[in-house]
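Chemist: Questions regarding the structure given below will be posed in turn.
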Amino acid sequence: MLAALQRVTDAALAYLSEDELLTELLLRITEILHTDTAAFLLLDEEGKELRARAAKGIEEEVEQGVTIPVGKGFAGRVVASRRPIFIPNIDHFDIYNPILRQKGIRSLLGVPLLVEGRALGVLHVGTLTPRNFTDDDRDLLQLVGDRAALAIEHAQLFGRERAARAAAENATRRLEALQRVTDATLSYLPPEELLTELLERIRGILHADTAAILMIEETGHTLRARAAKGIEEEVEQGVTIPVGKGFAGRIAAERRAISIEDVDHADVLNPILREKGIRSMLGVPLLVEGRVLGVLHIGSLTPRIFTAEDRDLLQHAADRAALAIEHAELSERRRLAEALQRRLLPQRISGLPGIEVASRYMPAGESLGGDWYDAFPLAPGKIVIAVGDVVGHGLGAAATMAQLRTALRAYAIDGHSPSDVVGRVNRLMWQLGPASMTTLAYLVIDPVAETVELVTAGHPPPLVINPDGSAEYLPLSGGIALGASDVARFPSQVHPLPVGATVVLYTDGLVESRGVSIDHGLERLRVVAEGAADPEALCDAATEELVPEAPEDDIAMIAARLRSVDDRLAGTWPAEKDVLADVRLMLRRWLHAHGATEDETYDIVVACQEACANAVEHAYGPGLRSFDVQAVADGPHVTLTIRDHGRWRPPRGTNRGRGLPLMRALMEHVEVTHTDEGTLVVLERTLLREAA
Amino acid sequence: MSWLARIVEERHGDVQVAAVAGEIDSSNVGEIAGRVHAMLTNRSEVLVVDLAQTTYIDSAGINMLFSLGGELEQRQQGLHLVVDPASPIARMLTITGLDATVATHPTRAQALAAVS
C-alpha cells in the first residue's frame, strides 16, 4: 500500500504535462487496483457537463467526446454529490454512458476531483468481472483523484496564464505591427510607393495573401485600384468598380467593413479576384473626417473566417493609412499647385523691360483652380498682362485655363487688337461649351506712350496706383463673361499710366468673401494698395490684409509698375540675340522721355542695335558673354556707349559689313576702339528738339 | 515664329506675297528668311515682300533682303518690296542702297499692278 501510495505521489510526475500526467496516473491506478478501465471526466467551464478527458480500457469514451450532464448517471452523480460512489453491478443502476455497458463493465468505483471544495470532475475505475471495492481501494482512488485534481487545477491555471500572456504578447505584436503602418519614415515616400509599402506591411500583420487599395475617383462614382500586393494585375489593368456595387463598392457606399468567407458564393464584381483564386476577403473603408477616400481589402487563398479582431485591426490600419494617404495627396496637390503656379509665372521677367512685375497665385484648399495670370511682351515694345478666372475647380477648370491662356497669347502675338483678341478667345470659349465660362481682364501696356489699353469681360476692375500714391479703379470696358455668347463684343478703352504708376489685376477671390459685399472688398484693396511701395510690397500687403488663411476661392493677382526713366540709362545684358528687342524698348522709352522725334528715335535705336548685334556676335570665350549699354543726355546732345568683351572680326560673306556704314550714316559721330579687353563703341547725335 | 514678327503669306496667281508685320532683327531674321524661302517655287516668277507693317529693320534684315534679291535674280525671278516712302524703313533702304537694286512700291496694290 505504501509503495502504491508512493507511485501515485511520485515527485517526478510534476514534470509531466497535464495530458501526460493524466495518462500516466490512469496507467498506474489500473495496475495498482487491478481494474480493467479507468477514466477522467472534467467539468466544462459552465459546470454543467462532464466530458471524458482521458481513458484507459475505454478510450472510445474520449474519442467519441462523450458528455454527461451533472447529476445524471454514475459520473454525473459523483460530481454532483462530491462523494465517492461504488456500484457493484451496473445492471441495477441507471448508467448514462452507453459505452460502459457496451464494453461489458460490471462494477464501478468513482471519486470526485476536488480542489479547495470545488469539483473539477470525476475519476472512475471499472472491472469486467463483478468486484467489491474496499475502503482502501476507495481511499487510494481518492488520493489519486486529489493528486490529479491539483495537477489539473495547476495546468488550467497555467494554461489560462499562458493564454493571457500569449494574448498580451499578440496584442503587443499587433500594436507594433500597427505602429509600422504609421511609421514616420513612410511620410517621406512618394504617394504610390507609400501605398505599396503600406499594403506590404498590412499583409504581413494580418497574414494575408493579397492586399489592395482602391481610391474613389474624382467623379465620386467609381473606385479605381491604385495599389496592390499579390494581385498587382488589378492596378495594371486599371480595374474600376462602381461605388455601391460588388464587394469594394458596397464597402465604400455603406462605409463599413465587409467580409466574404467564400468568394464563389458572393457578389464580387472584380474578375481578377476569382481568377487569382482568392477564397476569403475582408475589406474596410478608408475614412478621413467622415469622408470615404477609398477601400482597403485583404484576401486569402485558403478559406478563412476573419475574426472581429482581424476586422478591427484592418480598420485601425486603414484609418492610419487613410491619414497617410490624405497627407500624401495633400502634399502632392500642393506640389501640383506649385508647379502650376510656376508655369503661370511670366516666363521672361527680364523680357518685360520698362516695367516691374510681381504676381501671386494662392490655390483654395486642395483642389486645382481655374484662376490664372500671364504677362508677356508684344511687338513692338508693348507688354500684355492678363488675369482670368475659369468657373469651377479641378482638372477640368485647370485644363480650360491652359487652353485659354495659350489661345490668348496666340491671338495677341498674331497682332490682333485687344478687342479682337478677347473677341476671338470668347468664340473659342463658346465652342468649348458652358463649362468654360471665364472672366478676364486683358491689359496692353505701352511703356513709351505711357498708356494702358483695357478690355474686361465680366471681371472686376483693374486698380491703378498713381505716382502720388492715390489709388483708383479703372472703369470696366463693358464686356460680358467669355463663353456666354458668341456674338458678344468686347470694346477696349485706353487710359493713361504715367511713369511710376502701378496697375493691378486680380481675381474676385481677393475682394470677395462670404458674407461681405464686393464693394467692401474693393475698398479694402484700394486702401491697402495706397500704402504700398512697389509691386512686390503691394502683393505682400494685399495677401496679408485680404487673404484669409484658408481662402474659399483661389486667387491670382499681378501688379505691374511703369519704371521711371533716368537721365542716364545704363544696363548690362547677356550676349544673346534675344535681348536685342529689350534693349530697343529701353532705349526707345529713354529717347522718347528726352524729346527725340520718331525718326530720330528710329535712327539712334538702329545705330545702337548695330553695335549691340556686333557685341553679341563677337562675344566668344567663357566669362565674356555680356555687354553694357549706356546712354547719357547733355541737353539735346545724346551719347551712347556700347562696350563688349570680345574682339570684332572682319565681316565675312557678301551681305555683311553694313553695320558700321549704317552707324556712320545715322549718327553724327561714331568711334570704335578695339582693346585687349574688348571693343568700345561711342555714338553721338544732337536732337533737333524744341528747347524744353 | 517668335513674338517679334509674324508673316502672312498670300498668293496672287503666280505672285507670292509675304507680309512681315513687326520687327526684324538678328534674333529672328533667320527664321523669316526660312519662311520666305519656303514660299519660293519654280513656277512663281515674282516674290513681293510687303514691309508696310514692318516697324523695325536693321542691317540684319537689310542683308537678308540683299541676299534674297540676288538669289531671285539668279533664278530669273524678281523681288519686289512694298515700303511706305515716309517710313523709317524707306530711309534704311535708301541709306544702304537696297532701293537701288530692288524694285520698291508704296502700296501692295501698286506692287501687284506692276508685276502682273
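By order in the C-alpha cells, chains are A, B, ...; within a chain, residues start at 1; ligands start at 1, following the order shown.
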Within 9 Å of chain B, which residues of chain A are there when counting only C-alpha atoms? Please give them as a VMD selection string.

Modeler: chain A and resid 377 to 380 413 to 415 576 to 581 598 to 599 602 to 603 606 to 607 609 to 610 613 654 to 659 661 to 662 665 to 666

Chemist: Residues of stretch 574-658 of chain A classed as strand (DSSP E) by DSSP on the backbone are to be reported as a PDB file with C-alpha atoms, in the first residue's frame.

Modeler:
```pdb
ATOM      1  CA  PRO A 574      23.761  88.728 -71.684  1.00  0.00           C
ATOM      2  CA  SER A 626      27.716  90.124 -71.675  1.00  0.00           C
ATOM      3  CA  PHE A 627      27.734  93.668 -72.969  1.00  0.00           C
ATOM      4  CA  ASP A 628      26.976  97.098 -71.458  1.00  0.00           C
ATOM      5  CA  VAL A 629      24.875  99.895 -72.903  1.00  0.00           C
ATOM      6  CA  GLN A 630      24.975 103.373 -71.511  1.00  0.00           C
ATOM      7  CA  ALA A 631      23.130 106.462 -72.735  1.00  0.00           C
ATOM      8  CA  VAL A 632      23.714 109.965 -71.440  1.00  0.00           C
ATOM      9  CA  ALA A 633      21.906 113.171 -72.425  1.00  0.00           C
ATOM     10  CA  ASP A 634      23.625 116.531 -72.116  1.00  0.00           C
ATOM     11  CA  HIS A 637      23.280 116.038 -77.099  1.00  0.00           C
ATOM     12  CA  VAL A 638      22.951 112.280 -76.742  1.00  0.00           C
ATOM     13  CA  THR A 639      25.928 109.951 -76.244  1.00  0.00           C
ATOM     14  CA  LEU A 640      25.614 106.183 -76.358  1.00  0.00           C
ATOM     15  CA  THR A 641      28.398 103.876 -75.256  1.00  0.00           C
ATOM     16  CA  ILE A 642      28.316 100.169 -76.098  1.00  0.00           C
ATOM     17  CA  ARG A 643      31.067  98.070 -74.549  1.00  0.00           C
TER      18      ARG A 643
END
```

Chemist: Please, what distance in Å, to one decimal, runs between atom CA of A:Ser280 and atom CA of A:Val243?

Modeler: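 Answer for the atom CA of A:Ser280 to atom CA of A:Val243 separation: 20.8 Å.
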
Chemist: Select from stretch 149-327 of chain A everything DSSP, run on the backbone, classes as helix (DSSP H, G or I), then give the selection as a PyMOL selection string.

Modeler: chain A and resi 149-181+184-188+191-205+233-236+246-254+263-265+271-275+308-327

Chemist: Neighbours of B:Gln76 within 12 Å (only C-alpha atoms; same-chain residues fewer than 2 positions away dropped), as a PyMOL selection string?

Modeler: chain B and resi 42-47+69-74+78-79

Chemist: Record the distance separating atom CA of A:Arg256 and atom CA of A:Leu282, expressed in Å with one decimal.

Modeler: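 Calculated distance between atom CA of A:Arg256 and atom CA of A:Leu282 is 10.8 Å.
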
Chemist: I'd like the contact shell of A:Thr134 - 12 Å cut-off, only C-alpha atoms, skipping same-chain residues fewer than 5 positions apart - returned as number ranges by chain.

Modeler: A: 33, 84-88, 108-109, 139-141

Chemist: Do a neighbour search on A:Thr67 at 12 Å with only C-alpha atoms, toss out local chain neighbours closer than 2 positions, and write the hits as a list in words.

Modeler: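 My reading of the contact set: Phe40, Leu41, Leu42, Leu43, Asp44, Lys48, Glu49, Leu50, Arg51, Ala52, Arg53, Glu61, Val62, Glu63, Gln64, Gly65, Pro69, Val70, Lys72, Gly73, Ala75, Gly76, Tyr96, Asn97, Pro98, Ile99 and Gly121 of chain A.
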
Chemist: Work out how far apart atom CA of A:Ser300 and atom CA of A:Val263 are and give it in Å to one decimal.

Modeler: 10.1 Å
